[in-house]
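Participant: Pasting structure_31.txt here (compact mmCIF, C-alpha atoms):
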```txt
# COMPACT_ATOMS: atom_id res chain seq x y z
CA MET Z 290 -3.67 -57.52 -173.67
CA LYS Z 291 -6.65 -55.19 -173.69
CA PHE Z 292 -8.17 -54.10 -170.40
CA SER Z 293 -9.32 -51.39 -167.99
CA TYR Z 294 -8.06 -51.56 -164.42
CA ILE Z 295 -8.91 -49.76 -161.23
CA ASN Z 296 -8.54 -50.86 -157.65
CA PRO Z 297 -9.70 -48.09 -155.31
CA THR Z 298 -9.22 -49.97 -152.01
CA GLN Z 299 -6.69 -48.43 -149.64
CA ILE Z 300 -4.63 -51.25 -148.09
CA GLU Z 301 -3.25 -50.80 -144.58
CA PHE Z 302 -0.92 -53.78 -144.10
CA GLY Z 303 0.95 -54.70 -140.94
CA GLN Z 304 0.81 -55.34 -137.24
CA GLY Z 305 -1.19 -52.99 -135.02
CA LYS Z 306 -3.10 -51.37 -137.90
CA ILE Z 307 -6.63 -52.01 -136.60
CA ASN Z 308 -6.66 -48.79 -134.58
CA LYS Z 309 -6.38 -46.83 -137.85
CA ILE Z 310 -10.10 -47.31 -138.48
CA SER Z 311 -10.71 -44.41 -136.09
CA GLN Z 312 -9.07 -42.16 -138.72
CA LEU Z 313 -10.36 -43.98 -141.81
CA ILE Z 314 -14.08 -43.66 -140.99
CA ALA Z 315 -15.51 -40.18 -140.44
CA LYS Z 316 -16.92 -39.52 -136.96
CA ASP Z 317 -20.36 -38.61 -138.29
CA ARG Z 318 -20.96 -41.99 -139.99
CA ARG Z 319 -23.46 -44.46 -138.52
CA ILE Z 320 -21.70 -47.79 -138.76
CA LEU Z 321 -23.06 -51.33 -139.10
CA PHE Z 322 -20.33 -53.47 -137.48
CA LEU Z 323 -20.73 -56.84 -139.21
CA TYR Z 324 -18.93 -59.99 -138.07
CA GLY Z 325 -19.20 -63.77 -137.98
CA GLY Z 326 -19.45 -66.44 -135.34
CA GLY Z 327 -17.75 -64.57 -132.56
CA SER Z 328 -14.12 -65.76 -132.90
CA ILE Z 329 -13.09 -62.08 -132.97
CA LYS Z 330 -14.17 -61.90 -129.32
CA ASN Z 331 -11.61 -64.59 -128.42
CA ASN Z 332 -8.60 -63.36 -130.41
CA GLY Z 333 -8.58 -59.72 -129.31
CA VAL Z 334 -9.84 -58.23 -132.57
CA TYR Z 335 -13.28 -57.34 -131.21
CA ALA Z 336 -11.73 -55.41 -128.29
CA GLN Z 337 -9.43 -53.53 -130.67
CA VAL Z 338 -12.36 -52.57 -132.92
CA ILE Z 339 -14.53 -51.41 -130.02
CA LYS Z 340 -11.64 -49.31 -128.71
CA ALA Z 341 -11.01 -47.75 -132.13
CA LEU Z 342 -14.72 -46.92 -132.53
CA GLU Z 343 -15.20 -45.37 -129.09
CA ASN Z 344 -15.92 -41.96 -130.63
CA HIS Z 345 -18.14 -43.35 -133.39
CA THR Z 346 -21.79 -44.40 -133.51
CA PHE Z 347 -22.04 -48.08 -134.38
CA PHE Z 348 -24.47 -51.00 -134.27
CA GLU Z 349 -23.31 -54.62 -134.04
CA PHE Z 350 -24.60 -57.50 -136.13
CA GLY Z 351 -22.94 -60.89 -135.60
CA GLY Z 352 -23.65 -64.39 -136.86
CA VAL Z 353 -22.67 -64.19 -140.55
CA GLU Z 354 -21.99 -67.80 -141.56
CA PRO Z 355 -18.85 -69.29 -143.20
CA ASN Z 356 -20.96 -69.61 -146.36
CA PRO Z 357 -22.96 -66.39 -145.82
CA THR Z 358 -26.67 -66.84 -146.39
CA LYS Z 359 -29.11 -64.44 -147.96
CA GLU Z 360 -31.47 -65.13 -145.06
CA THR Z 361 -29.01 -63.89 -142.39
CA LEU Z 362 -27.88 -60.96 -144.51
CA ASP Z 363 -31.47 -59.85 -145.12
CA LYS Z 364 -31.79 -59.57 -141.33
CA ALA Z 365 -28.63 -57.44 -141.28
CA ILE Z 366 -30.18 -55.15 -143.91
CA ALA Z 367 -33.37 -54.78 -141.87
CA TYR Z 368 -31.34 -54.05 -138.72
CA GLY Z 369 -29.21 -51.51 -140.58
CA ARG Z 370 -32.23 -49.72 -142.02
CA GLU Z 371 -33.88 -49.65 -138.60
CA ASN Z 372 -30.82 -47.88 -137.19
CA LYS Z 373 -30.29 -45.62 -140.24
CA VAL Z 374 -26.71 -46.79 -140.84
CA ASP Z 375 -24.71 -45.31 -143.70
CA TYR Z 376 -21.47 -47.32 -143.48
CA ILE Z 377 -20.52 -50.98 -143.07
CA LEU Z 378 -17.45 -52.18 -141.19
CA ALA Z 379 -16.92 -55.86 -142.08
CA VAL Z 380 -14.65 -57.65 -139.60
CA GLY Z 381 -13.89 -61.22 -140.61
CA GLY Z 382 -12.78 -63.42 -143.47
CA GLY Z 383 -14.03 -63.53 -147.03
CA SER Z 384 -17.48 -64.69 -145.97
CA VAL Z 385 -18.16 -61.68 -143.75
CA ILE Z 386 -16.73 -59.30 -146.35
CA ASP Z 387 -18.75 -60.98 -149.12
CA GLY Z 388 -21.82 -60.66 -146.90
CA SER Z 389 -21.14 -56.96 -146.38
CA LYS Z 390 -21.16 -56.50 -150.16
CA TYR Z 391 -24.62 -58.05 -150.40
CA VAL Z 392 -25.87 -55.81 -147.57
CA SER Z 393 -24.26 -52.75 -149.16
CA ASN Z 394 -25.60 -53.31 -152.67
CA ALA Z 395 -29.10 -54.45 -151.63
CA PHE Z 396 -29.54 -51.85 -148.88
CA PHE Z 397 -31.50 -49.31 -150.96
CA TYR Z 398 -33.33 -51.91 -153.06
CA GLU Z 399 -37.00 -52.48 -152.29
CA GLY Z 400 -37.14 -55.89 -153.96
CA ASP Z 401 -35.58 -59.23 -153.04
CA GLY Z 402 -31.81 -58.87 -152.58
CA TRP Z 403 -31.31 -62.24 -154.30
CA ASP Z 404 -32.09 -60.38 -157.54
CA LEU Z 405 -28.46 -59.19 -157.32
CA LEU Z 406 -27.30 -62.78 -157.67
CA GLU Z 407 -29.75 -63.53 -160.46
CA GLY Z 408 -28.64 -60.48 -162.46
CA LYS Z 409 -32.13 -58.97 -162.25
CA PHE Z 410 -31.02 -55.89 -160.31
CA THR Z 411 -28.09 -53.52 -160.87
CA PRO Z 412 -27.52 -51.08 -158.00
CA THR Z 413 -27.01 -47.38 -158.67
CA LYS Z 414 -25.98 -46.57 -155.10
CA ALA Z 415 -24.79 -48.55 -152.10
CA LEU Z 416 -23.36 -48.21 -148.60
CA ASP Z 417 -19.61 -47.64 -148.23
CA ILE Z 418 -17.65 -50.60 -146.84
CA GLY Z 419 -14.51 -50.80 -144.72
CA ALA Z 420 -12.90 -54.18 -144.03
CA ILE Z 421 -10.72 -55.71 -141.34
CA LEU Z 422 -9.44 -59.05 -142.60
CA THR Z 423 -9.17 -61.91 -140.09
CA LEU Z 424 -8.73 -64.86 -142.46
CA ALA Z 425 -6.56 -64.74 -145.58
CA ALA Z 426 -8.02 -66.66 -148.51
CA THR Z 427 -10.40 -65.00 -150.93
CA GLY Z 428 -9.01 -61.54 -151.65
CA SER Z 429 -12.53 -60.18 -151.06
CA GLU Z 430 -11.04 -57.31 -149.05
CA SER Z 431 -9.95 -55.54 -152.24
CA ASN Z 432 -12.03 -56.90 -155.11
CA SER Z 433 -15.54 -56.40 -156.45
CA GLY Z 434 -16.78 -59.98 -156.11
CA SER Z 435 -19.08 -61.65 -153.61
CA VAL Z 436 -20.37 -65.22 -153.19
CA ILE Z 437 -23.67 -65.72 -151.34
CA THR Z 438 -25.71 -68.84 -150.46
CA LYS Z 439 -29.49 -69.09 -150.49
CA GLY Z 440 -30.19 -71.42 -147.58
CA GLU Z 441 -33.71 -72.22 -148.73
CA THR Z 442 -32.61 -73.74 -152.04
CA LYS Z 443 -28.93 -74.55 -151.23
CA GLU Z 444 -27.83 -72.40 -154.16
CA LYS Z 445 -24.48 -70.61 -154.08
CA ARG Z 446 -24.15 -67.71 -156.53
CA PHE Z 447 -21.81 -64.78 -157.11
CA PHE Z 448 -22.09 -61.17 -158.22
CA HIS Z 449 -19.76 -58.28 -158.99
CA SER Z 450 -20.41 -54.61 -158.38
CA PRO Z 451 -18.22 -51.50 -158.59
CA PHE Z 452 -19.71 -50.51 -155.21
CA SER Z 453 -18.30 -53.67 -153.63
CA TYR Z 454 -14.69 -52.48 -153.42
CA PRO Z 455 -14.08 -51.63 -149.75
CA LYS Z 456 -12.88 -48.06 -149.17
CA PHE Z 457 -10.08 -49.51 -147.09
CA ALA Z 458 -8.85 -52.89 -145.90
CA ILE Z 459 -6.83 -53.51 -142.74
CA LEU Z 460 -4.51 -56.51 -143.08
CA ASP Z 461 -2.81 -57.33 -139.77
CA PRO Z 462 -1.03 -60.72 -140.11
CA ASP Z 463 -0.96 -61.24 -136.33
CA VAL Z 464 -4.71 -61.86 -136.48
CA LEU Z 465 -4.08 -65.08 -138.41
CA LYS Z 466 -2.16 -66.65 -135.52
CA SER Z 467 -5.38 -67.52 -133.69
CA LEU Z 468 -6.73 -69.56 -136.62
CA ASP Z 469 -6.71 -73.35 -136.54
CA ASP Z 470 -4.78 -75.45 -139.06
CA ARG Z 471 -7.89 -76.15 -141.14
CA GLN Z 472 -8.56 -72.46 -141.77
CA LEU Z 473 -4.92 -71.75 -142.62
CA VAL Z 474 -4.78 -74.70 -145.01
CA ASN Z 475 -7.97 -73.43 -146.64
CA GLY Z 476 -6.29 -70.05 -147.14
CA VAL Z 477 -3.26 -71.54 -148.87
CA VAL Z 478 -5.41 -73.71 -151.16
CA ASP Z 479 -7.91 -70.96 -151.95
CA ALA Z 480 -5.15 -68.57 -153.02
CA PHE Z 481 -3.42 -71.33 -155.02
CA VAL Z 482 -6.56 -72.24 -157.00
CA HIS Z 483 -7.53 -68.58 -157.50
CA THR Z 484 -4.18 -68.08 -159.16
CA CYS Z 485 -4.49 -71.24 -161.24
CA GLU Z 486 -7.92 -70.17 -162.54
CA GLN Z 487 -6.22 -67.20 -164.17
CA TYR Z 488 -3.03 -69.03 -165.19
CA LEU Z 489 -3.78 -72.64 -166.22
CA THR Z 490 -5.63 -71.69 -169.39
CA GLN Z 491 -3.86 -71.31 -172.75
CA PRO Z 492 -0.75 -69.51 -174.04
CA HIS Z 493 -1.34 -65.77 -174.47
CA GLY Z 494 1.99 -63.97 -174.26
CA ALA Z 495 1.10 -61.53 -171.47
CA LEU Z 496 4.39 -61.84 -169.62
CA ALA Z 497 3.64 -59.78 -166.52
CA GLN Z 498 0.47 -61.77 -165.80
CA ASP Z 499 2.14 -65.15 -166.41
CA TYR Z 500 5.26 -64.45 -164.40
CA TYR Z 501 3.36 -62.78 -161.58
CA CYS Z 502 1.12 -65.87 -161.35
CA GLU Z 503 4.17 -68.11 -161.21
CA GLY Z 504 5.67 -65.99 -158.46
CA LEU Z 505 2.49 -66.24 -156.40
CA LEU Z 506 2.25 -70.00 -156.95
CA ARG Z 507 5.87 -70.53 -155.97
CA GLY Z 508 5.29 -68.51 -152.81
CA LEU Z 509 2.28 -70.62 -151.91
CA VAL Z 510 4.24 -73.84 -152.53
CA VAL Z 511 6.85 -72.57 -150.06
CA LEU Z 512 4.13 -71.81 -147.49
CA ALA Z 513 2.72 -75.32 -147.90
CA SER Z 514 6.16 -76.87 -147.39
CA THR Z 515 6.83 -74.77 -144.26
CA PHE Z 516 3.34 -75.09 -142.79
CA GLU Z 517 4.59 -76.80 -139.62
CA SER Z 518 7.29 -74.20 -138.95
CA ARG Z 519 5.25 -71.01 -139.27
CA ASP Z 520 6.84 -67.74 -138.17
CA ASN Z 521 5.67 -64.11 -138.31
CA LEU Z 522 6.63 -63.76 -141.96
CA TRP Z 523 4.74 -66.94 -142.88
CA TYR Z 524 1.47 -65.31 -141.80
CA ALA Z 525 2.33 -62.01 -143.47
CA ASN Z 526 3.20 -63.78 -146.72
CA LEU Z 527 -0.05 -65.78 -146.71
CA MET Z 528 -2.09 -62.63 -146.14
CA TRP Z 529 -0.44 -60.77 -149.01
CA LEU Z 530 -0.26 -63.71 -151.45
CA ALA Z 531 -3.98 -64.43 -150.96
CA ASN Z 532 -4.77 -60.76 -151.55
CA GLN Z 533 -2.71 -60.58 -154.73
CA ALA Z 534 -4.19 -63.80 -156.09
CA LEU Z 535 -7.60 -62.18 -156.50
CA ASN Z 536 -7.33 -58.40 -156.58
CA GLY Z 537 -7.87 -58.32 -160.35
CA LEU Z 538 -4.29 -57.79 -161.45
CA ILE Z 539 -3.17 -61.21 -162.70
CA GLY Z 540 -6.29 -61.78 -164.78
CA LEU Z 541 -6.06 -58.58 -166.81
CA GLY Z 542 -6.37 -59.09 -170.55
CA VAL Z 543 -5.86 -62.88 -170.42
CA PRO Z 544 -8.18 -65.92 -170.64
CA GLN Z 545 -9.66 -67.04 -167.32
CA ASP Z 546 -11.13 -70.41 -166.43
CA TRP Z 547 -13.18 -70.66 -163.17
CA ALA Z 548 -14.69 -74.06 -164.04
CA THR Z 549 -13.32 -75.53 -160.80
CA HIS Z 550 -15.04 -72.74 -158.88
CA PHE Z 551 -18.40 -73.13 -160.59
CA ILE Z 552 -18.51 -76.85 -159.79
CA GLY Z 553 -17.10 -76.27 -156.31
CA HIS Z 554 -19.72 -73.64 -155.51
CA GLU Z 555 -22.50 -76.15 -156.12
CA LEU Z 556 -20.85 -78.72 -153.84
CA SER Z 557 -20.33 -76.12 -151.14
CA GLY Z 558 -23.92 -74.88 -151.40
CA LEU Z 559 -25.39 -78.40 -151.33
CA TYR Z 560 -23.25 -80.00 -148.65
CA GLY Z 561 -21.61 -77.19 -146.69
CA ILE Z 562 -18.10 -78.37 -147.60
CA ASP Z 563 -15.42 -75.71 -147.05
CA HIS Z 564 -15.01 -73.70 -150.27
CA ALA Z 565 -11.26 -74.37 -150.49
CA ARG Z 566 -11.76 -78.10 -150.02
CA THR Z 567 -14.26 -78.33 -152.88
CA LEU Z 568 -11.60 -76.66 -155.05
CA ALA Z 569 -8.90 -79.10 -153.94
CA ILE Z 570 -11.19 -82.05 -154.69
CA ILE Z 571 -12.34 -80.88 -158.13
CA GLN Z 572 -9.28 -79.15 -159.63
CA PRO Z 573 -6.87 -82.09 -160.05
CA ASN Z 574 -9.61 -84.24 -161.61
CA LEU Z 575 -10.69 -81.43 -163.94
CA LEU Z 576 -7.05 -80.92 -164.99
CA THR Z 577 -6.62 -84.65 -165.57
CA ILE Z 578 -9.60 -84.77 -167.93
CA LEU Z 579 -8.59 -81.53 -169.70
CA ALA Z 580 -4.84 -82.29 -169.69
CA ASP Z 581 -4.52 -82.27 -173.48
CA GLU Z 582 -6.08 -78.84 -174.00
CA LYS Z 583 -4.21 -77.40 -171.01
CA LYS Z 584 -0.93 -79.15 -171.82
CA ASP Z 585 1.07 -76.02 -172.71
CA LYS Z 586 0.27 -74.17 -169.49
CA LEU Z 587 0.56 -77.26 -167.30
CA LEU Z 588 4.06 -77.94 -168.64
CA GLN Z 589 4.96 -74.27 -168.17
CA MET Z 590 3.75 -74.54 -164.57
CA GLY Z 591 5.74 -77.73 -164.10
CA GLU Z 592 8.94 -76.06 -165.21
CA ASN Z 593 8.54 -72.61 -163.64
CA VAL Z 594 6.67 -73.43 -160.41
CA PHE Z 595 7.59 -77.00 -159.47
CA ARG Z 596 10.97 -77.18 -161.28
CA LEU Z 597 9.86 -80.38 -163.02
CA ASN Z 598 11.57 -81.71 -166.13
CA THR Z 599 8.73 -83.49 -167.89
CA ASN Z 600 6.77 -83.61 -171.15
CA ASN Z 601 3.74 -85.19 -169.47
CA PRO Z 602 1.13 -82.72 -168.20
CA LEU Z 603 -0.27 -85.37 -165.86
CA ASP Z 604 3.00 -85.27 -163.90
CA VAL Z 605 2.20 -81.65 -163.08
CA VAL Z 606 -1.35 -82.52 -162.07
CA GLU Z 607 0.06 -85.11 -159.66
CA LYS Z 608 2.33 -82.45 -158.12
CA ILE Z 609 -0.75 -80.30 -157.49
CA ARG Z 610 -2.63 -83.25 -155.99
CA ALA Z 611 0.38 -84.09 -153.80
CA LEU Z 612 0.52 -80.48 -152.61
CA TYR Z 613 -3.06 -80.69 -151.35
CA SER Z 614 -2.48 -84.13 -149.81
CA SER Z 615 0.58 -82.80 -147.97
CA LEU Z 616 -1.78 -80.38 -146.22
CA ASN Z 617 -3.96 -83.31 -145.06
CA ILE Z 618 -6.94 -82.46 -147.25
CA ASP Z 619 -9.30 -85.34 -147.97
CA LEU Z 620 -9.75 -85.31 -151.74
CA LYS Z 621 -12.96 -87.36 -152.02
CA ILE Z 622 -16.48 -85.89 -151.92
CA SER Z 623 -17.70 -89.12 -150.26
CA SER Z 624 -15.70 -88.18 -147.15
CA TYR Z 625 -18.02 -85.19 -146.67
CA THR Z 626 -21.41 -86.62 -147.69
CA ASP Z 627 -23.00 -90.01 -148.35
CA ASP Z 628 -25.54 -88.58 -150.81
CA THR Z 629 -25.93 -90.94 -153.78
CA LYS Z 630 -27.32 -88.25 -156.08
CA ILE Z 631 -24.35 -85.87 -156.11
CA ILE Z 632 -23.87 -85.92 -159.89
CA GLU Z 633 -27.57 -85.42 -160.62
CA LYS Z 634 -27.88 -82.51 -158.17
CA VAL Z 635 -24.68 -80.70 -159.19
CA THR Z 636 -25.31 -80.95 -162.94
CA SER Z 637 -28.93 -79.79 -162.63
CA LEU Z 638 -27.88 -76.77 -160.54
CA LEU Z 639 -25.12 -75.86 -163.00
CA GLU Z 640 -27.68 -76.01 -165.81
CA LYS Z 641 -30.13 -73.90 -163.79
CA HIS Z 642 -27.42 -71.28 -163.25
CA GLY Z 643 -26.53 -71.12 -166.94
CA PHE Z 644 -23.27 -73.07 -166.81
CA THR Z 645 -23.71 -75.43 -169.74
CA GLU Z 646 -20.48 -74.71 -171.64
CA PHE Z 647 -17.82 -73.05 -169.50
CA GLY Z 648 -14.10 -72.98 -168.73
CA ASP Z 649 -11.62 -70.81 -170.61
CA ARG Z 650 -12.40 -72.56 -173.94
CA GLY Z 651 -16.07 -73.31 -173.29
CA THR Z 652 -15.37 -77.05 -173.38
CA VAL Z 653 -16.69 -77.97 -169.93
CA ASN Z 654 -20.19 -79.27 -170.58
CA LYS Z 655 -22.44 -81.68 -168.70
CA ALA Z 656 -20.60 -84.77 -169.99
CA VAL Z 657 -17.25 -83.37 -168.81
CA VAL Z 658 -18.69 -82.38 -165.42
CA VAL Z 659 -20.05 -85.93 -164.99
CA LYS Z 660 -16.55 -87.35 -165.65
CA ILE Z 661 -14.97 -84.89 -163.18
CA LEU Z 662 -17.51 -85.75 -160.48
CA GLU Z 663 -17.13 -89.49 -161.07
CA LYS Z 664 -13.40 -89.13 -160.43
CA SER Z 665 -14.05 -86.90 -157.41
CA ILE Z 666 -16.66 -88.92 -155.51
```
If you convert what's in this file into structure tokens, what do you get?

Facilitator:
Amino acid sequence: MKFSYINPTQIEFGQGKINKISQLIAKDRRILFLYGGGSIKNNGVYAQVIKALENHTFFEFGGVEPNPTKETLDKAIAYGRENKVDYILAVGGGSVIDGSKYVSNAFFYEGDGWDLLEGKFTPTKALDIGAILTLAATGSESNSGSVITKGETKEKRFFHSPFSYPKFAILDPDVLKSLDDRQLVNGVVDAFVHTCEQYLTQPHGALAQDYYCEGLLRGLVVLASTFESRDNLWYANLMWLANQALNGLIGLGVPQDWATHFIGHELSGLYGIDHARTLAIIQPNLLTILADEKKDKLLQMGENVFRLNTNNPLDVVEKIRALYSSLNIDLKISSYTDDTKIIEKVTSLLEKHGFTEFGDRGTVNKAVVVKILEKSI
């Protein structure tokens, strides 16, 4: 229970909020309008943004990938410099917003932007960011983190920067209604695992953090169970639960894990598997192998989230696995790739990236990762 906390992002939550960007960005700013594969042109978001920016100067850059690559983002930086932009408007899901953070932080740097991800460069200034969220999952719209892929080497790395907090984030739940089932499922799972990474650790006595985590997890369990009968509030609840799962609050002053994420990032970088699906594959197997050391928190989760009466932590792991299966997620890596060298590639990348002893207790080493991957393939 010792921490510093600031979250400077102004949240504008609710239907019809996109037009507020005309008031939230000064008229004299030169805006880089960053977006993804073009789905915003089909769901009405693009038209709303263009309308709201009619009195602003802006330059469009589309094509940011679902796992945003350094190579594409470097082109966005060059385009932004060419047009002397001084503000980024990121319109998309976590990938576009993560990409905007790379562009923002690397914009004034004369070296290779990947140095951000390697920890070789710490920015002292950056472009301001505004965000319009179109896919609820990562909480990137109001946190300092960003995950970027280097296409050339298939590496997926992350960085944090105080400049990465968007100045504002527009969260209009109606935008989610155009998403397909796969993307919505990914959002539920992503938020669930984000919460678990800060909750399924070890007893610590920070009541607000524990009980807030349990509230978020219970909410996400309800969303999973009502997935086929979605109403307006379902979308609004997903958007807010996903935001709260990773805006910094629930991890304050408590142990955090992130081992599932570190392994999942390598799988996603190597094989292009959806981020949330790598988490759903890895997490139950990691929890099975680490069930003894995580017993206290697993049993607490069983009682307070799933209403289970059990003394066996593996019963709780099976409830988590069943939750993912109920959302029709394939929980085997072999369903996504036929590569026979998965274990060798993932473990060597983890070692390259400095993850040799990780997890909340530092007990996840190469031998443990091998066991997790053997169960996951």

Participant: Neighbours of range 540-556 of chain Z within 6 Å (all atoms listed in the file; same-chain residues fewer than 4 positions away dropped), as a CSV table (one decimal) with C-alpha atoms, in the frame of the given file?

Facilitator:
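And here's out_36.csv as it stands now:
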```
chain,number,residue,atom,x,y,z
Z,290,MET,CA,-3.7,-57.5,-173.7
Z,291,LYS,CA,-6.6,-55.2,-173.7
Z,292,PHE,CA,-8.2,-54.1,-170.4
Z,445,LYS,CA,-24.5,-70.6,-154.1
Z,486,GLU,CA,-7.9,-70.2,-162.5
Z,487,GLN,CA,-6.2,-67.2,-164.2
Z,560,TYR,CA,-23.2,-80.0,-148.6
Z,567,THR,CA,-14.3,-78.3,-152.9
Z,568,LEU,CA,-11.6,-76.7,-155.0
Z,572,GLN,CA,-9.3,-79.2,-159.6
Z,635,VAL,CA,-24.7,-80.7,-159.2
Z,648,GLY,CA,-14.1,-73.0,-168.7
Z,649,ASP,CA,-11.6,-70.8,-170.6
```

Participant: Around range 337-340 of chain Z, fit a box with edges along x, y and z, padding it by 4 Å on each side, then list its centre and edge lengths in Å to one decimal as AutoDock Vina command-line options.

Facilitator:
```
--center_x -12.0 --center_y -51.4 --center_z -130.8 --size_x 13.1 --size_y 12.2 --size_z 12.2
```

Participant: Work out how far CA of Leu323 in chain Z is from CA of Ala365 in chain Z, in Å to one decimal.

Facilitator: 8.2 Å

Participant: Between CA of Lys621 in chain Z and CA of Thr515 in chain Z, what distance in Å does the model show, to one decimal?

Facilitator: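 Taking CA of Lys621 in chain Z as the start and CA of Thr515 in chain Z as the end point, the length is 24.7 Å.
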
Participant: Pick the closest to Asp619 in chain Z from Z:Leu378, Z:Leu603, Z:Leu597, Z:Ile570: which is it, counting all atoms listed in the file?

Facilitator: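 Looking only at the distances to Asp619 in chain Z, the closest residue turns out to be Z:Ile570.
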
Participant: Measuring between all atoms listed in the file, which one of Z:Gly333, Z:Pro297, Z:Gly591, Z:Gly352 shows the shortest distance to Leu506 in chain Z?

Facilitator: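 Counting all atoms listed in the file, the residue closest to Leu506 in chain Z is Z:Gly591.
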
Participant: State, in Å with one decimal place, the distance from CA of Gly351 in chain Z to CA of Gly325 in chain Z.

Facilitator: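 The value is 5.3 Å.
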
Participant: Give me the residues within 9 Å of Lys316 in chain Z as a list of chain:residue names, counting all atoms listed in the file and dropping any in the same chain fewer than 3 places off.

Facilitator: Z:Ser311, Z:Gln312, Z:Arg319, Z:Leu342, Z:Asn344, Z:His345, Z:Thr346

Participant: Set the distance at 12 Å and use all atoms listed in the file: which residues neighbour Arg446 in chain Z once local chain neighbours fewer than 2 positions away are removed? I'd like the list as a PyMOL selection string.

Facilitator: chain Z and resi 356-359+387+391+403-408+434-440+442-444+448-449+550-559+638-639+641-644

Participant: Need to verify the contact set: Leu579 in chain Z, 10 Å, all atoms listed in the file, exclusion of same-chain residues closer than 2 positions in sequence. Can you return it as number ranges by chain?

Facilitator: Z: 573-577, 581-584, 602-603, 652-653, 657, 661

Participant: Between Z:Leu321, Z:Gly561, Z:Tyr398, Z:Glu343, which one has atoms that come closest to Glu371 in chain Z, using all atoms listed in the file?

Facilitator: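 For Glu371 in chain Z, the nearest of the given residues is Z:Leu321.
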
Participant: Given the choices Z:Asn394, Z:Ile459, Z:Asp604, Z:Gly402, which gets closest to Gly305 in chain Z if the distance is worked out from only C-alpha atoms?

Facilitator: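 Selected residue with least distance to Gly305 in chain Z: Z:Ile459.
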
Participant: Which is closest to Tyr454 in chain Z among Z:Ile377, Z:Cys502, Z:Ile632, Z:Ile618, if we use only C-alpha atoms?

Facilitator: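 Comparing Z:Ile377, Z:Cys502, Z:Ile632, Z:Ile618 against Tyr454 in chain Z, the winner is Z:Ile377.
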
Participant: I'd like the neighbourhood of Ile666 in chain Z as a PyMOL selection string, where a residue qualifies if any of its atoms comes within 7 Å (using all atoms listed in the file), though same-chain residues fewer than 4 positions away should be ignored.

Facilitator: chain Z and resi 621-623+662

Participant: Between Z:Thr427, Z:Phe516, Z:Tyr294, Z:Val659, single out the one closest to Ile539 in chain Z, counting all atoms listed in the file.

Facilitator: Z:Tyr294
